[in-house]
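Participant: Below is the file protein-v3.pdb, which contains PDB, C-alpha atoms, pLDDT in the B column.
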ATOM      1  CA  MET A   1     -25.429 -34.600  11.560  1.00 83.00           C
ATOM      2  CA  LYS A   2     -26.701 -34.182  15.088  1.00 89.00           C
ATOM      3  CA  ASN A   3     -24.585 -35.099  18.071  1.00 93.00           C
ATOM      4  CA  ARG A   4     -24.624 -35.236  21.869  1.00 95.00           C
ATOM      5  CA  LEU A   5     -21.206 -33.706  22.303  1.00 96.00           C
ATOM      6  CA  GLU A   6     -22.311 -30.622  24.240  1.00 96.00           C
ATOM      7  CA  LYS A   7     -24.416 -32.697  26.618  1.00 96.00           C
ATOM      8  CA  LEU A   8     -21.608 -35.201  27.214  1.00 97.00           C
ATOM      9  CA  ARG A   9     -19.074 -32.428  27.734  1.00 97.00           C
ATOM     10  CA  LYS A  10     -21.280 -30.669  30.267  1.00 97.00           C
ATOM     11  CA  GLN A  11     -21.977 -33.950  32.056  1.00 96.00           C
ATOM     12  CA  ARG A  12     -18.242 -34.247  32.607  1.00 95.00           C
ATOM     13  CA  GLY A  13     -18.015 -30.634  33.730  1.00 96.00           C
ATOM     14  CA  LEU A  14     -15.601 -29.686  30.979  1.00 96.00           C
ATOM     15  CA  ARG A  15     -15.187 -26.362  29.231  1.00 96.00           C
ATOM     16  CA  GLN A  16     -14.856 -26.285  25.445  1.00 97.00           C
ATOM     17  CA  GLU A  17     -11.191 -25.305  25.853  1.00 95.00           C
ATOM     18  CA  GLU A  18     -10.499 -28.333  28.037  1.00 96.00           C
ATOM     19  CA  LEU A  19     -12.162 -30.767  25.654  1.00 97.00           C
ATOM     20  CA  ALA A  20     -10.334 -29.161  22.726  1.00 96.00           C
ATOM     21  CA  ASP A  21      -7.046 -29.591  24.574  1.00 94.00           C
ATOM     22  CA  VAL A  22      -7.695 -33.293  25.200  1.00 95.00           C
ATOM     23  CA  LEU A  23      -8.750 -33.910  21.598  1.00 96.00           C
ATOM     24  CA  GLU A  24      -5.904 -31.749  20.254  1.00 95.00           C
ATOM     25  CA  VAL A  25      -8.202 -29.571  18.178  1.00 96.00           C
ATOM     26  CA  SER A  26      -9.018 -25.881  18.393  1.00 95.00           C
ATOM     27  CA  ARG A  27     -11.773 -24.581  20.672  1.00 95.00           C
ATOM     28  CA  GLN A  28     -13.591 -23.314  17.583  1.00 96.00           C
ATOM     29  CA  THR A  29     -13.704 -26.854  16.217  1.00 96.00           C
ATOM     30  CA  VAL A  30     -15.357 -28.101  19.403  1.00 97.00           C
ATOM     31  CA  GLY A  31     -17.878 -25.230  19.138  1.00 96.00           C
ATOM     32  CA  SER A  32     -18.613 -26.025  15.497  1.00 96.00           C
ATOM     33  CA  LEU A  33     -19.018 -29.722  16.272  1.00 96.00           C
ATOM     34  CA  GLU A  34     -21.462 -28.955  19.072  1.00 96.00           C
ATOM     35  CA  ASN A  35     -23.490 -26.635  16.848  1.00 93.00           C
ATOM     36  CA  GLY A  36     -23.598 -29.271  14.125  1.00 91.00           C
ATOM     37  CA  ARG A  37     -21.952 -26.857  11.676  1.00 93.00           C
ATOM     38  CA  TYR A  38     -19.012 -29.189  11.186  1.00 94.00           C
ATOM     39  CA  ASN A  39     -18.930 -32.965  10.857  1.00 94.00           C
ATOM     40  CA  PRO A  40     -15.718 -34.522  12.162  1.00 95.00           C
ATOM     41  CA  SER A  41     -13.442 -36.848  10.237  1.00 96.00           C
ATOM     42  CA  ILE A  42     -13.775 -40.505  11.142  1.00 95.00           C
ATOM     43  CA  LEU A  43     -10.487 -40.238  13.066  1.00 96.00           C
ATOM     44  CA  LEU A  44     -11.713 -37.353  15.208  1.00 97.00           C
ATOM     45  CA  ALA A  45     -15.055 -39.103  15.717  1.00 97.00           C
ATOM     46  CA  PHE A  46     -13.188 -42.170  17.036  1.00 97.00           C
ATOM     47  CA  LYS A  47     -11.024 -39.989  19.245  1.00 97.00           C
ATOM     48  CA  ILE A  48     -14.139 -38.366  20.727  1.00 97.00           C
ATOM     49  CA  ALA A  49     -15.839 -41.740  21.179  1.00 97.00           C
ATOM     50  CA  ARG A  50     -12.768 -43.179  22.904  1.00 97.00           C
ATOM     51  CA  TYR A  51     -12.519 -40.178  25.190  1.00 97.00           C
ATOM     52  CA  PHE A  52     -16.147 -40.467  26.306  1.00 97.00           C
ATOM     53  CA  ASP A  53     -15.892 -44.263  26.290  1.00 96.00           C
ATOM     54  CA  LEU A  54     -18.999 -44.602  24.126  1.00 96.00           C
ATOM     55  CA  PRO A  55     -19.696 -46.060  20.669  1.00 95.00           C
ATOM     56  CA  ILE A  56     -19.604 -43.465  17.885  1.00 95.00           C
ATOM     57  CA  GLU A  57     -23.299 -43.927  17.109  1.00 93.00           C
ATOM     58  CA  GLU A  58     -24.196 -42.927  20.658  1.00 94.00           C
ATOM     59  CA  ILE A  59     -22.502 -39.577  20.144  1.00 95.00           C
ATOM     60  CA  PHE A  60     -23.176 -38.838  16.485  1.00 94.00           C
ATOM     61  CA  ILE A  61     -26.686 -39.415  15.230  1.00 90.00           C
ATOM     62  CA  TYR A  62     -27.004 -40.237  11.559  1.00 86.00           C
ATOM     63  CA  GLU A  63     -30.402 -39.598   9.993  1.00 80.00           C
ATOM     64  CA  GLU A  64     -31.432 -40.995   6.596  1.00 79.00           C
ATOM     65  CA  GLY A  65     -31.224 -38.539   3.723  1.00 74.00           C
ATOM     66  CA  GLN A  66     -28.304 -36.519   5.086  1.00 70.00           C
ATOM     67  CA  SER A  67     -25.738 -35.427   2.539  1.00 68.00           C
ATOM     68  CA  CYS A  68     -21.985 -35.685   3.154  1.00 60.00           C
TER      69      CYS A  68
ATOM     70  CA  MET B   1       4.480 -23.875  15.293  1.00 53.00           C
ATOM     71  CA  LEU B   2       7.655 -23.156  13.388  1.00 55.00           C
ATOM     72  CA  LYS B   3       9.805 -26.245  12.982  1.00 65.00           C
ATOM     73  CA  LYS B   4      13.534 -25.859  12.361  1.00 77.00           C
ATOM     74  CA  THR B   5      15.604 -22.731  12.882  1.00 83.00           C
ATOM     75  CA  TYR B   6      18.222 -23.079  10.138  1.00 88.00           C
ATOM     76  CA  PRO B   7      16.013 -22.105   7.139  1.00 90.00           C
ATOM     77  CA  TYR B   8      15.356 -18.761   8.855  1.00 92.00           C
ATOM     78  CA  VAL B   9      19.025 -18.246   9.665  1.00 93.00           C
ATOM     79  CA  ILE B  10      19.860 -18.976   6.011  1.00 94.00           C
ATOM     80  CA  ALA B  11      17.151 -16.509   4.881  1.00 94.00           C
ATOM     81  CA  LEU B  12      18.506 -13.846   7.244  1.00 94.00           C
ATOM     82  CA  VAL B  13      22.145 -14.299   6.154  1.00 95.00           C
ATOM     83  CA  LEU B  14      21.200 -14.508   2.472  1.00 95.00           C
ATOM     84  CA  GLY B  15      19.158 -11.323   2.868  1.00 95.00           C
ATOM     85  CA  LEU B  16      22.095  -9.490   4.424  1.00 94.00           C
ATOM     86  CA  ILE B  17      24.460 -10.730   1.688  1.00 95.00           C
ATOM     87  CA  MET B  18      22.055  -9.587  -1.036  1.00 94.00           C
ATOM     88  CA  VAL B  19      21.685  -6.142   0.504  1.00 92.00           C
ATOM     89  CA  ALA B  20      25.478  -5.883   0.846  1.00 92.00           C
ATOM     90  CA  LEU B  21      25.952  -7.027  -2.778  1.00 91.00           C
ATOM     91  CA  SER B  22      23.495  -4.397  -3.972  1.00 89.00           C
ATOM     92  CA  PHE B  23      26.048  -1.684  -3.056  1.00 87.00           C
ATOM     93  CA  LEU B  24      28.492  -3.206  -5.559  1.00 86.00           C
ATOM     94  CA  PHE B  25      25.995  -2.609  -8.342  1.00 82.00           C
ATOM     95  CA  PHE B  26      24.971   0.826  -7.152  1.00 79.00           C
ATOM     96  CA  ASN B  27      25.517   2.703 -10.401  1.00 81.00           C
ATOM     97  CA  GLU B  28      23.364   4.061 -13.213  1.00 80.00           C
ATOM     98  CA  GLU B  29      23.829   1.070 -15.569  1.00 81.00           C
ATOM     99  CA  GLN B  30      23.096  -1.619 -13.018  1.00 82.00           C
ATOM    100  CA  LYS B  31      20.501   0.115 -10.857  1.00 84.00           C
ATOM    101  CA  VAL B  32      17.823  -2.459 -11.785  1.00 87.00           C
ATOM    102  CA  LEU B  33      19.970  -5.298 -10.458  1.00 88.00           C
ATOM    103  CA  SER B  34      20.819  -3.260  -7.373  1.00 89.00           C
ATOM    104  CA  GLY B  35      17.112  -2.577  -6.783  1.00 90.00           C
ATOM    105  CA  ILE B  36      16.220  -6.257  -7.110  1.00 92.00           C
ATOM    106  CA  LEU B  37      18.977  -7.234  -4.663  1.00 93.00           C
ATOM    107  CA  VAL B  38      17.830  -4.662  -2.103  1.00 93.00           C
ATOM    108  CA  GLY B  39      14.175  -5.657  -2.474  1.00 94.00           C
ATOM    109  CA  VAL B  40      14.638  -9.420  -2.286  1.00 95.00           C
ATOM    110  CA  GLY B  41      17.389  -9.109   0.338  1.00 95.00           C
ATOM    111  CA  ALA B  42      15.299  -6.911   2.613  1.00 95.00           C
ATOM    112  CA  GLY B  43      12.354  -9.311   2.230  1.00 96.00           C
ATOM    113  CA  LEU B  44      14.462 -12.330   3.163  1.00 95.00           C
ATOM    114  CA  PHE B  45      16.053 -10.472   6.072  1.00 96.00           C
ATOM    115  CA  GLY B  46      12.642  -9.426   7.400  1.00 95.00           C
ATOM    116  CA  MET B  47      11.166 -12.897   7.026  1.00 94.00           C
ATOM    117  CA  GLY B  48      14.164 -14.563   8.661  1.00 94.00           C
ATOM    118  CA  THR B  49      14.202 -12.137  11.596  1.00 95.00           C
ATOM    119  CA  ALA B  50      10.448 -12.343  12.224  1.00 94.00           C
ATOM    120  CA  ASN B  51      10.470 -16.143  12.149  1.00 91.00           C
ATOM    121  CA  LEU B  52      13.505 -16.382  14.436  1.00 92.00           C
ATOM    122  CA  ILE B  53      11.839 -14.085  16.973  1.00 92.00           C
ATOM    123  CA  MET B  54       8.695 -16.217  16.778  1.00 88.00           C
ATOM    124  CA  LYS B  55      10.753 -19.382  17.203  1.00 87.00           C
ATOM    125  CA  ARG B  56      12.487 -17.936  20.283  1.00 89.00           C
ATOM    126  CA  TYR B  57       9.126 -16.921  21.743  1.00 88.00           C
ATOM    127  CA  GLU B  58       7.753 -20.425  21.190  1.00 85.00           C
ATOM    128  CA  LYS B  59      10.817 -21.950  22.851  1.00 86.00           C
ATOM    129  CA  LYS B  60      10.239 -19.824  25.953  1.00 89.00           C
ATOM    130  CA  ASN B  61       6.491 -20.568  25.970  1.00 88.00           C
ATOM    131  CA  PRO B  62       5.910 -24.276  25.199  1.00 88.00           C
ATOM    132  CA  SER B  63       2.162 -23.944  25.843  1.00 87.00           C
ATOM    133  CA  VAL B  64       1.923 -21.248  23.154  1.00 86.00           C
ATOM    134  CA  ALA B  65       3.928 -23.479  20.809  1.00 86.00           C
ATOM    135  CA  ARG B  66       1.621 -26.435  21.472  1.00 89.00           C
ATOM    136  CA  GLN B  67      -1.475 -24.304  20.923  1.00 88.00           C
ATOM    137  CA  SER B  68      -0.122 -22.901  17.679  1.00 86.00           C
ATOM    138  CA  GLN B  69       0.704 -26.452  16.509  1.00 89.00           C
ATOM    139  CA  ILE B  70      -2.870 -27.519  17.353  1.00 92.00           C
ATOM    140  CA  GLU B  71      -4.306 -24.524  15.476  1.00 91.00           C
ATOM    141  CA  LEU B  72      -2.128 -25.355  12.463  1.00 91.00           C
ATOM    142  CA  SER B  73      -2.974 -29.039  12.279  1.00 93.00           C
ATOM    143  CA  ASP B  74      -6.593 -28.791  13.440  1.00 96.00           C
ATOM    144  CA  GLU B  75      -8.589 -30.699  10.806  1.00 96.00           C
ATOM    145  CA  ARG B  76     -11.280 -28.017  10.521  1.00 97.00           C
ATOM    146  CA  ASN B  77      -8.664 -25.291  10.067  1.00 96.00           C
ATOM    147  CA  VAL B  78      -6.851 -27.408   7.461  1.00 97.00           C
ATOM    148  CA  MET B  79     -10.120 -27.887   5.571  1.00 96.00           C
ATOM    149  CA  ILE B  80     -11.000 -24.186   5.814  1.00 97.00           C
ATOM    150  CA  ARG B  81      -7.578 -23.194   4.482  1.00 96.00           C
ATOM    151  CA  ALA B  82      -7.791 -25.653   1.570  1.00 95.00           C
ATOM    152  CA  LYS B  83     -11.332 -24.547   0.659  1.00 96.00           C
ATOM    153  CA  ALA B  84     -10.456 -20.857   0.903  1.00 97.00           C
ATOM    154  CA  ARG B  85      -7.399 -21.312  -1.320  1.00 96.00           C
ATOM    155  CA  ALA B  86      -9.330 -23.349  -3.872  1.00 94.00           C
ATOM    156  CA  ALA B  87     -12.164 -20.800  -3.950  1.00 96.00           C
ATOM    157  CA  SER B  88      -9.781 -17.850  -4.350  1.00 96.00           C
ATOM    158  CA  ALA B  89      -7.822 -19.643  -7.112  1.00 94.00           C
ATOM    159  CA  ASN B  90     -11.114 -20.298  -8.880  1.00 93.00           C
ATOM    160  CA  ILE B  91     -11.967 -16.598  -8.799  1.00 95.00           C
ATOM    161  CA  VAL B  92      -8.470 -15.507  -9.829  1.00 95.00           C
ATOM    162  CA  GLN B  93      -8.588 -17.701 -12.965  1.00 93.00           C
ATOM    163  CA  TRP B  94     -11.465 -15.551 -14.312  1.00 94.00           C
ATOM    164  CA  PHE B  95      -9.464 -12.393 -13.635  1.00 95.00           C
ATOM    165  CA  ILE B  96      -6.504 -13.861 -15.514  1.00 94.00           C
ATOM    166  CA  ILE B  97      -8.578 -14.671 -18.586  1.00 92.00           C
ATOM    167  CA  ALA B  98     -10.213 -11.226 -18.353  1.00 95.00           C
ATOM    168  CA  LEU B  99      -6.713  -9.727 -18.226  1.00 94.00           C
ATOM    169  CA  ALA B 100      -5.783 -11.659 -21.378  1.00 93.00           C
ATOM    170  CA  TYR B 101      -8.850 -10.230 -23.183  1.00 93.00           C
ATOM    171  CA  VAL B 102      -8.035  -6.708 -21.983  1.00 94.00           C
ATOM    172  CA  MET B 103      -4.507  -7.132 -23.346  1.00 93.00           C
ATOM    173  CA  ILE B 104      -5.895  -8.156 -26.737  1.00 93.00           C
ATOM    174  CA  ILE B 105      -8.278  -5.173 -26.742  1.00 94.00           C
ATOM    175  CA  ILE B 106      -5.586  -2.626 -25.821  1.00 94.00           C
ATOM    176  CA  ASP B 107      -3.258  -4.207 -28.370  1.00 92.00           C
ATOM    177  CA  ALA B 108      -0.625  -5.101 -25.799  1.00 91.00           C
ATOM    178  CA  PRO B 109       2.552  -6.920 -26.916  1.00 93.00           C
ATOM    179  CA  LEU B 110       1.937 -10.531 -27.881  1.00 93.00           C
ATOM    180  CA  TRP B 111       4.296 -11.893 -25.217  1.00 94.00           C
ATOM    181  CA  ALA B 112       2.236 -10.196 -22.482  1.00 93.00           C
ATOM    182  CA  THR B 113      -1.027 -11.711 -23.773  1.00 93.00           C
ATOM    183  CA  LEU B 114       0.626 -15.120 -24.123  1.00 94.00           C
ATOM    184  CA  CYS B 115       1.913 -14.852 -20.547  1.00 94.00           C
ATOM    185  CA  ALA B 116      -1.623 -14.299 -19.240  1.00 94.00           C
ATOM    186  CA  VAL B 117      -2.963 -17.194 -21.350  1.00 94.00           C
ATOM    187  CA  GLY B 118      -0.017 -19.326 -20.171  1.00 95.00           C
ATOM    188  CA  VAL B 119      -0.856 -18.671 -16.502  1.00 94.00           C
ATOM    189  CA  TYR B 120      -4.506 -19.542 -17.194  1.00 94.00           C
ATOM    190  CA  MET B 121      -3.427 -22.790 -18.885  1.00 95.00           C
ATOM    191  CA  LEU B 122      -0.998 -23.561 -16.049  1.00 95.00           C
ATOM    192  CA  TYR B 123      -3.890 -23.265 -13.578  1.00 94.00           C
ATOM    193  CA  HIS B 124      -5.895 -25.849 -15.536  1.00 94.00           C
ATOM    194  CA  ILE B 125      -2.926 -28.177 -16.068  1.00 96.00           C
ATOM    195  CA  LEU B 126      -2.090 -28.076 -12.354  1.00 95.00           C
ATOM    196  CA  SER B 127      -5.752 -28.674 -11.469  1.00 94.00           C
ATOM    197  CA  PHE B 128      -5.766 -31.724 -13.717  1.00 95.00           C
ATOM    198  CA  VAL B 129      -2.453 -33.022 -12.312  1.00 97.00           C
ATOM    199  CA  TYR B 130      -3.629 -32.673  -8.722  1.00 95.00           C
ATOM    200  CA  MET B 131      -7.032 -34.195  -9.498  1.00 95.00           C
ATOM    201  CA  SER B 132      -5.457 -37.318 -10.977  1.00 96.00           C
ATOM    202  CA  ARG B 133      -2.910 -37.454  -8.136  1.00 96.00           C
ATOM    203  CA  TYR B 134      -5.622 -37.278  -5.473  1.00 93.00           C
ATOM    204  CA  GLN B 135      -7.793 -39.784  -7.358  1.00 95.00           C
ATOM    205  CA  LYS B 136      -4.915 -42.259  -7.122  1.00 94.00           C
ATOM    206  CA  GLN B 137      -4.233 -41.431  -3.475  1.00 94.00           C
ATOM    207  CA  MET B 138      -7.808 -41.502  -2.195  1.00 90.00           C
TER     208      MET B 138
END
Could I get this structure in the form of structure tokens?

Facilitator:
Amino acid sequence: MKNRLEKLRKQRGLRQEELADVLEVSRQTVGSLENGRYNPSILLAFKIARYFDLPIEEIFIYEEGQSC
Amino acid sequence: MLKKTYPYVIALVLGLIMVALSFLFFNEEQKVLSGILVGVGAGLFGMGTANLIMKRYEKKNPSVARQSQIELSDERNVMIRAKARAASANIVQWFIIALAYVMIIIDAPLWATLCAVGVYMLYHILSFVYMSRYQKQM
């Protein structure tokens, strides 16, 4: 699943470490999310959406035919 | 982050007691028991000491403690750990059944072969138990 996490983070002038600290996840998790290697749980997705004050679908882009 | 201190204190004290007790059995007839007491006691003592030092360090450095708690409960790390353990258990089961066959081939005692088969069966029984448990939970 694609996402706009890196772009949103950079817009806010945050480092991966800082975003990880706010979300209470490891820096590696933020890196993996940004690369699209890891899809977050629904709870983490909500946490991210709340932090950026955006709906989930504006951060995570679901495309038809993607497997779980 | 390590939670409570008392389990480590208990491990440390128990370790010391076991090592001390081993000297009571330090003779030719009971050297196996003495060896077990020294081995297990030293292990418990080492584990208790290491964890208490870590706990003390975390108390002095709350930021380190918070970071280690985050690393431990991070959902990606949790998933990686669970997947790695499941994958390694899956591989080990084949080694266990191979070991059982080797024991049959080398004509090992029956109890040894049955032990290997028992462990293999235990793996499958536990897999089944956890599968049905998680199917009810999720």

Participant: May I have the residues within 10 Å of Leu52 of chain B as a list in words, using only C-alpha atoms and disregarding those fewer than 6 positions away in the same chain?

Facilitator: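 The residues that qualify are Leu2, Lys4, Thr5, Tyr6, Pro7, Tyr8, Val9, Leu12, Gly46 and Glu58 of chain B.
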
Participant: Which residue is closest to chain A? Choose from B:Ile91, B:Ala84, B:Ile70, B:Ile106 and count only C-alpha atoms.

Facilitator: B:Ile70

Participant: Given a cut-off of 7 Å, which residues of chain A touch chain B, counting all atoms listed in the file, written out as an NGL selection string?

Facilitator: :A and (24-26 or 29)

Participant: Counting all atoms listed in the file, which residue out of B:Lys60, B:Val78, B:Ala86, B:Asp107 sits closest to Tyr130 of chain B?

Facilitator: B:Ala86

Participant: Figure out the distance between atom CA of Ser132 of chain B and atom CA of Val117 of chain B, please, to one decimal in Å.

Facilitator: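 Atom CA of Ser132 of chain B lies 22.8 Å from atom CA of Val117 of chain B.
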
Participant: List the spatial neighbours of Glu18 of chain A as a list in words - criterion: any atom at most 10 Å away, only C-alpha atoms, same-chain residues fewer than 6 positions off excluded.

Facilitator: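 What passes the distance filter is Arg9, Glu24, Arg27 and Val30 of chain A.
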
Participant: Do you have the atom CA of Ile80 of chain B-atom CA of Asp53 of chain A distance handy?

Facilitator: 29.1 Å

Participant: To one decimal place, how far is atom CA of Ile104 of chain B from atom CA of Val129 of chain B in Å?

Facilitator: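 Between atom CA of Ile104 of chain B and atom CA of Val129 of chain B the gap is 29.0 Å.
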
Participant: Running the PyMOL selection byres ((chain A and resi 34) around 7) on this model by hand, what would come out? Give it as a JSON list (two decimals) with C-alpha atoms, keeping the file's coordinate frame.

Facilitator:
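Output saved as expr_3.json:
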[["chain", "number", "residue", "atom", "x", "y", "z"],
["A", 3, "ASN", "CA", -24.58, -35.10, 18.07],
["A", 5, "LEU", "CA", -21.21, -33.71, 22.30],
["A", 6, "GLU", "CA", -22.31, -30.62, 24.24],
["A", 30, "VAL", "CA", -15.36, -28.10, 19.40],
["A", 31, "GLY", "CA", -17.88, -25.23, 19.14],
["A", 32, "SER", "CA", -18.61, -26.02, 15.50],
["A", 33, "LEU", "CA", -19.02, -29.72, 16.27],
["A", 35, "ASN", "CA", -23.49, -26.64, 16.85],
["A", 36, "GLY", "CA", -23.60, -29.27, 14.12]]

Participant: Would you please work out which residue, of B:Met131, B:Ala82, B:Val64, B:Ala116, is nearest to Ala100 of chain B when using only C-alpha atoms?

Facilitator: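 Between B:Met131, B:Ala82, B:Val64, B:Ala116, the residue approaching Ala100 of chain B most closely is B:Ala116.
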
Participant: Identify, on the basis of only C-alpha atoms, every residue whose closest approach to Leu21 of chain B does not exceed 8 Å; exclude the query and any residue fewer than 4 positions from it along the same chain; express the result as a list in words.

Facilitator: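 Listed by chain and then number, they are Ile17, Phe25, Ser34 and Leu37 of chain B.
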
Participant: Using only C-alpha atoms, find the one residue out of A:Leu23, A:Met1, A:Asn39, A:Leu8 that sits nearest to Leu54 of chain A.

Facilitator: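 The answer is A:Leu8, which sits nearest to Leu54 of chain A.
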
Participant: Counting only C-alpha atoms, which of A:Lys2, A:Val22, A:Gln66, A:Gln16 gets nearest to Arg37 of chain A?

Facilitator: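 Closest candidate: A:Lys2.
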
Participant: For a quick check of understanding, using all atoms listed in the file, which of B:Ala20, B:Gly15, B:Ala65, B:Val32 has the smallest distance to Leu44 of chain B?

Facilitator: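 Nearest candidate to Leu44 of chain B out of B:Ala20, B:Gly15, B:Ala65, B:Val32: B:Gly15.
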